[in-house]
>>> print(open('model-v9.tsv').read())   # TSV, C-alpha atoms
chain	number	residue	atom	x	y	z
E	1	MET	CA	104.09	92.05	139.64
E	2	PHE	CA	105.06	92.92	136.06
E	3	SER	CA	105.71	96.09	134.15
E	4	ARG	CA	106.29	96.75	130.45
E	5	CYS	CA	109.04	99.01	129.08
E	6	GLU	CA	107.49	101.87	127.10
E	7	TYR	CA	110.38	101.84	124.61
E	8	CYS	CA	110.94	98.20	123.60
E	9	GLN	CA	107.75	96.73	125.16
E	10	HIS	CA	109.73	94.15	127.07
E	11	GLN	CA	107.78	92.95	130.15
E	12	GLN	CA	109.79	92.17	133.25
E	13	ARG	CA	109.10	91.20	136.81
E	14	VAL	CA	109.27	93.95	139.47
E	15	THR	CA	108.93	93.99	143.24
E	16	VAL	CA	107.44	96.48	145.68
E	17	LYS	CA	110.91	96.96	147.12
E	18	GLN	CA	112.23	98.02	143.68
E	19	LEU	CA	109.36	100.42	143.14
E	20	ARG	CA	109.89	102.07	146.51
E	21	ARG	CA	113.65	102.23	146.21
E	22	TYR	CA	113.70	103.74	142.71
E	23	ARG	CA	110.37	105.57	143.04
E	24	GLY	CA	108.86	103.63	140.14
E	25	LEU	CA	111.65	104.49	137.68
E	26	LEU	CA	113.25	101.23	136.58
E	27	LYS	CA	115.87	100.27	134.03
E	28	CYS	CA	114.75	97.91	131.24
E	29	LYS	CA	116.70	94.66	131.19
E	30	GLN	CA	116.43	94.44	127.40
E	31	CYS	CA	117.08	97.91	125.95
E	32	GLY	CA	118.71	99.48	129.01
E	33	LYS	CA	116.51	102.58	129.09
E	34	SER	CA	114.81	103.90	132.19
E	35	PHE	CA	111.01	103.87	132.16
E	36	ASP	CA	108.09	104.54	134.49
E	37	ALA	CA	107.18	101.11	135.82
E	38	LEU	CA	104.02	102.39	137.55
E	39	ALA	CA	102.43	103.35	134.21
E	40	SER	CA	102.11	99.73	133.06
E	41	LEU	CA	102.08	97.88	136.36
E	42	SER	CA	100.16	94.57	136.29
E	43	ASP	CA	99.62	91.62	138.58
E	44	LYS	CA	99.81	89.11	135.71
E	45	PHE	CA	102.24	88.53	132.89
E	46	ASP	CA	100.79	89.92	129.65
E	47	SER	CA	101.64	87.71	126.67
E	48	ARG	CA	100.09	90.06	124.07
E	49	ILE	CA	102.32	91.18	121.21
E	50	VAL	CA	102.76	94.93	121.38
E	51	GLU	CA	104.25	97.06	118.63
E	52	VAL	CA	107.88	97.79	119.39
E	53	ASN	CA	109.25	101.30	119.56
E	54	GLU	CA	112.05	101.13	117.01
E	55	ASN	CA	113.78	104.20	118.49
E	56	ALA	CA	114.64	102.07	121.50
E	57	LEU	CA	116.13	99.34	119.31
E	58	PRO	CA	118.22	100.97	116.56
E	59	TRP	CA	119.41	97.59	115.24
E	60	LEU	CA	115.78	96.60	114.66
E	61	LYS	CA	115.16	99.83	112.78
E	62	TYR	CA	118.16	99.04	110.60
E	63	GLN	CA	116.80	95.58	109.84
E	64	ARG	CA	113.54	97.15	108.72
E	65	SER	CA	115.23	99.68	106.50
E	66	ALA	CA	113.22	100.88	103.53
E	67	TYR	CA	115.20	98.94	100.89
E	68	PRO	CA	113.47	95.56	100.57
E	69	GLY	CA	113.54	95.86	96.79
E	70	LEU	CA	117.34	96.18	96.73
E	71	TRP	CA	117.67	93.14	98.95
E	72	ARG	CA	115.52	91.06	96.59
E	73	LEU	CA	117.42	92.40	93.60
E	74	GLY	CA	120.71	91.45	95.24
E	75	CYS	CA	119.45	87.92	95.91
E	76	VAL	CA	118.37	87.53	92.29
E	77	ALA	CA	121.74	88.86	91.08
E	78	MET	CA	123.62	86.39	93.29
E	79	LEU	CA	121.44	83.53	92.02
E	80	LEU	CA	122.09	84.49	88.40
E	81	LEU	CA	125.82	84.74	89.13
E	82	LEU	CA	125.77	81.27	90.66
E	83	ILE	CA	123.97	79.87	87.60
E	84	ALA	CA	126.46	81.61	85.29
E	85	GLN	CA	129.41	80.12	87.18
E	86	GLY	CA	127.88	76.67	86.99
E	87	GLY	CA	127.30	77.11	83.27
E	88	TYR	CA	130.86	78.29	82.71
E	89	PHE	CA	132.54	75.41	84.52
E	90	GLU	CA	130.02	72.61	83.95
E	91	GLY	CA	128.06	73.84	80.92
E	92	ASN	CA	129.71	71.62	78.30
E	93	ARG	CA	129.32	68.48	80.42
E	94	LEU	CA	125.66	69.26	81.17
E	95	LEU	CA	124.93	69.94	77.50
E	96	GLY	CA	126.12	66.40	76.80
E	97	LYS	CA	122.98	65.08	78.52
E	98	PRO	CA	120.06	64.79	76.05
E	99	GLN	CA	117.37	66.01	78.48
E	100	ILE	CA	119.30	69.11	79.51
E	101	ARG	CA	120.28	69.90	75.92
E	102	THR	CA	116.63	69.66	74.84
E	103	LEU	CA	115.57	72.08	77.58
E	104	ALA	CA	118.41	74.46	76.70
E	105	THR	CA	117.45	74.35	73.01
E	106	GLU	CA	113.82	75.19	73.78
E	107	LEU	CA	114.87	78.02	76.08
E	108	CYS	CA	117.23	79.47	73.48
E	109	ARG	CA	114.53	79.25	70.84
E	110	SER	CA	112.33	81.54	72.92
E	111	LEU	CA	115.25	83.89	73.67
E	112	ASN	CA	116.47	83.91	70.05
E	113	CYS	CA	119.87	82.47	70.92
E	114	THR	CA	121.85	79.37	69.93
E	115	VAL	CA	122.96	76.50	72.15
E	116	PRO	CA	126.72	75.96	71.70
E	117	SER	CA	127.80	72.69	70.15
E	118	TYR	CA	128.80	69.95	72.55
E	119	ARG	CA	132.53	69.22	72.35
E	120	ASN	CA	134.44	66.47	74.10
E	121	LEU	CA	137.42	64.87	72.37
E	122	ASP	CA	137.28	61.89	74.72
E	123	ASP	CA	133.95	60.90	73.14
E	124	TRP	CA	135.54	60.39	69.71
E	125	SER	CA	136.83	57.03	68.55
E	126	ILE	CA	138.81	56.28	65.39
E	127	SER	CA	138.86	52.67	64.20
E	128	HIS	CA	139.66	50.66	61.05
E	129	SER	CA	142.21	53.29	60.04
E	130	ASP	CA	144.27	52.38	56.97
E	131	LEU	CA	146.77	53.99	54.61
E	132	GLN	CA	147.16	52.49	51.12
E	133	PRO	CA	148.91	53.52	47.88
E	134	TYR	CA	146.62	55.03	45.26
E	135	LEU	CA	146.85	56.07	41.63
E	136	GLN	CA	149.82	58.16	40.41
E	137	GLY	CA	151.81	57.61	43.56
E	138	GLN	CA	149.18	59.07	45.88
E	139	TYR	CA	147.97	57.57	49.12
E	140	VAL	CA	144.45	57.21	50.46
E	141	PHE	CA	143.77	57.31	54.17
E	142	SER	CA	140.50	55.78	55.39
E	143	ALA	CA	139.00	55.35	58.84
E	144	ALA	CA	135.74	55.07	60.75
E	145	MET	CA	134.96	57.93	63.13
E	146	SER	CA	132.47	57.28	65.93
E	147	ASN	CA	130.77	59.83	68.15
E	148	GLN	CA	130.28	57.96	71.42
E	149	ALA	CA	128.44	60.85	73.07
E	150	ALA	CA	124.67	60.71	73.56
E	151	VAL	CA	124.18	63.99	71.64
E	152	ALA	CA	125.41	65.41	68.35
E	153	GLN	CA	128.93	66.75	68.43
E	154	ALA	CA	130.88	69.09	66.15
E	155	LEU	CA	133.38	67.15	64.07
E	156	PRO	CA	136.95	67.65	65.29
E	157	SER	CA	140.08	68.33	63.32
E	158	LEU	CA	142.31	65.35	62.46
E	159	LYS	CA	146.06	65.27	62.88
E	160	LEU	CA	147.72	62.73	60.58
E	161	THR	CA	151.40	61.96	61.07
E	162	LEU	CA	153.29	59.85	58.53
E	163	LEU	CA	156.18	57.81	59.94
E	164	GLY	CA	159.31	56.44	58.32
E	165	PHE	CA	160.51	52.87	58.78
E	166	ASN	CA	162.57	54.06	61.75
E	167	GLY	CA	159.42	55.30	63.50
E	168	GLN	CA	160.32	58.98	63.08
E	169	PRO	CA	157.84	61.49	61.59
E	170	VAL	CA	158.44	62.31	57.93
E	171	ALA	CA	155.29	64.42	57.33
E	172	GLU	CA	152.44	65.84	59.36
E	173	ARG	CA	149.24	67.68	58.58
E	174	VAL	CA	146.08	68.82	60.34
E	175	PHE	CA	142.80	68.41	58.44
E	176	SER	CA	139.74	70.50	59.34
E	177	ALA	CA	136.30	68.90	59.46
E	178	TRP	CA	135.25	70.46	56.13
E	179	GLN	CA	138.19	68.72	54.40
E	180	TYR	CA	136.97	65.20	55.18
E	181	ALA	CA	133.20	65.59	55.75
E	182	ASP	CA	130.22	67.35	54.19
E	183	GLU	CA	128.46	68.08	57.49
E	184	ALA	CA	129.78	70.05	60.45
E	185	GLU	CA	128.68	67.58	63.13
E	186	LEU	CA	127.88	63.92	63.71
E	187	ALA	CA	124.81	62.66	65.55
E	188	GLY	CA	125.21	60.98	68.91
E	189	GLU	CA	126.29	57.33	68.94
E	190	GLU	CA	126.83	57.27	65.17
E	191	THR	CA	129.79	56.31	62.95
E	192	ARG	CA	130.99	57.83	59.69
E	193	LYS	CA	133.53	56.55	57.20
E	194	ILE	CA	136.08	59.14	56.06
E	195	GLN	CA	138.69	59.23	53.31
E	196	LEU	CA	141.61	61.53	52.58
E	197	TRP	CA	143.84	61.57	49.49
E	198	LEU	CA	147.45	62.45	50.20
E	199	ALA	CA	150.40	63.42	48.07
E	200	PRO	CA	153.39	61.15	48.82
E	201	PRO	CA	156.23	62.65	50.90
E	202	ALA	CA	159.84	62.48	49.74
E	203	ALA	CA	160.71	59.76	52.30
E	204	ALA	CA	159.32	56.26	52.33
E	205	ILE	CA	156.28	55.68	54.55
E	206	GLY	CA	156.50	52.93	57.14
E	207	GLY	CA	153.42	53.76	59.25
E	208	PHE	CA	151.20	56.54	60.54
E	209	ASN	CA	149.46	57.98	63.59
E	210	VAL	CA	146.10	59.77	63.68
E	211	SER	CA	144.52	61.77	66.50
E	212	VAL	CA	141.67	64.24	67.02
E	213	LEU	CA	142.15	67.91	67.93
>>> encode(input="model-v9.tsv", output="structure tokens")
Amino acid sequence: MFSRCEYCQHQQRVTVKQLRRYRGLLKCKQCGKSFDALASLSDKFDSRIVEVNENALPWLKYQRSAYPGLWRLGCVAMLLLLIAQGGYFEGNRLLGKPQIRTLATELCRSLNCTVPSYRNLDDWSISHSDLQPYLQGQYVFSAAMSNQAAVAQALPSLKLTLLGFNGQPVAERVFSAWQYADEAELAGEETRKIQLWLAPPAAAIGGFNVSVL
């Protein structure tokens, strides 16, 4: 025989001996409360789903607390936080991919914002650099700057160091992008020739180094 707990609706097997011994008052094996087994006595197991009395299962009542909106809001907040963290740590690298940058540009257009310029100094290459005397004792520095990234990149600053014949620095200067170019950025996989006119230092020049900043 079977009987169903009136509190948690758990159905358990009972025997005549149990009913006689406890006078029909049995203890539920699931919620631990005592219930009248004679009230729901049956010869067959009843597989129907019966509404559970939440007072018998306080943990279930807690799970069904009346704050589903806060739970959804918390999930959305955590998702946005995760996206923000990814953007902070991996944003620049992702914006170096043309497809992602295009999507970000379209999104920012609708939100009235601006996609930050891609910046990676490792994607810059300086070749054919040369330093030659010019008129009135000046020097002209020339080079070819190449943006090896797949997307446009803001032009970096240039650090030019003049060396003496002993290899030691005799002069050094940092040039901003506006001092050697008319535009603020260079398209992806493109090369631009640059020139800089320099006043001669007091010491003789035996060489130079150039790097991007």
>>> closest_residue(input="model-v9.tsv", among="E:Trp124, E:Tyr134, E:Phe2, E:Tyr139", to="Ser157 (chain E)", atoms="all atoms listed in the file")
E:Trp124
>>> residues_around(input="model-v9.tsv", residues="His10 (chain E)", least_positions_apart="4", cutoff="8 Å", atoms="all atoms listed in the file", output="PyMOL selection string")
chain E and resi 4-5+28+30
>>> residues_around(input="model-v9.tsv", residues="region 166-178 of chain E", least_positions_apart="4", cutoff="9 Å", atoms="all atoms listed in the file", output="number ranges by chain")
E: 154-162, 182-185, 201-208, 213
>>> atom_distance(input="model-v9.tsv", atom1="CA of Tyr7 (chain E)", atom2="CA of Lys33 (chain E)")
7.6 Å
>>> atom_distance(input="model-v9.tsv", atom1="CA of Ala37 (chain E)", atom2="CA of Val16 (chain E)")
10.9 Å
>>> atom_distance(input="model-v9.tsv", atom1="CA of Arg13 (chain E)", atom2="CA of Leu38 (chain E)")
12.3 Å
>>> residues_near_point(input="model-v9.tsv", point="(130.4, 60.8, 63.1)", cutoff="12 Å", atoms="all atoms listed in the file", output="number ranges by chain")
E: 123-127, 143-156, 177, 180-194
>>> write_last_selection(input="model-v9.tsv", atoms="C-alpha atoms", output="CSV table (one decimal), keeping the file's coordinate frame")
chain,number,residue,atom,x,y,z
E,123,ASP,CA,134.0,60.9,73.1
E,124,TRP,CA,135.5,60.4,69.7
E,125,SER,CA,136.8,57.0,68.6
E,126,ILE,CA,138.8,56.3,65.4
E,127,SER,CA,138.9,52.7,64.2
E,143,ALA,CA,139.0,55.4,58.8
E,144,ALA,CA,135.7,55.1,60.8
E,145,MET,CA,135.0,57.9,63.1
E,146,SER,CA,132.5,57.3,65.9
E,147,ASN,CA,130.8,59.8,68.2
E,148,GLN,CA,130.3,58.0,71.4
E,149,ALA,CA,128.4,60.8,73.1
E,150,ALA,CA,124.7,60.7,73.6
E,151,VAL,CA,124.2,64.0,71.6
E,152,ALA,CA,125.4,65.4,68.4
E,153,GLN,CA,128.9,66.8,68.4
E,154,ALA,CA,130.9,69.1,66.2
E,155,LEU,CA,133.4,67.2,64.1
E,156,PRO,CA,137.0,67.6,65.3
E,177,ALA,CA,136.3,68.9,59.5
E,180,TYR,CA,137.0,65.2,55.2
E,181,ALA,CA,133.2,65.6,55.8
E,182,ASP,CA,130.2,67.4,54.2
E,183,GLU,CA,128.5,68.1,57.5
E,184,ALA,CA,129.8,70.0,60.4
E,185,GLU,CA,128.7,67.6,63.1
E,186,LEU,CA,127.9,63.9,63.7
E,187,ALA,CA,124.8,62.7,65.6
E,188,GLY,CA,125.2,61.0,68.9
E,189,GLU,CA,126.3,57.3,68.9
E,190,GLU,CA,126.8,57.3,65.2
E,191,THR,CA,129.8,56.3,63.0
E,192,ARG,CA,131.0,57.8,59.7
E,193,LYS,CA,133.5,56.6,57.2
E,194,ILE,CA,136.1,59.1,56.1
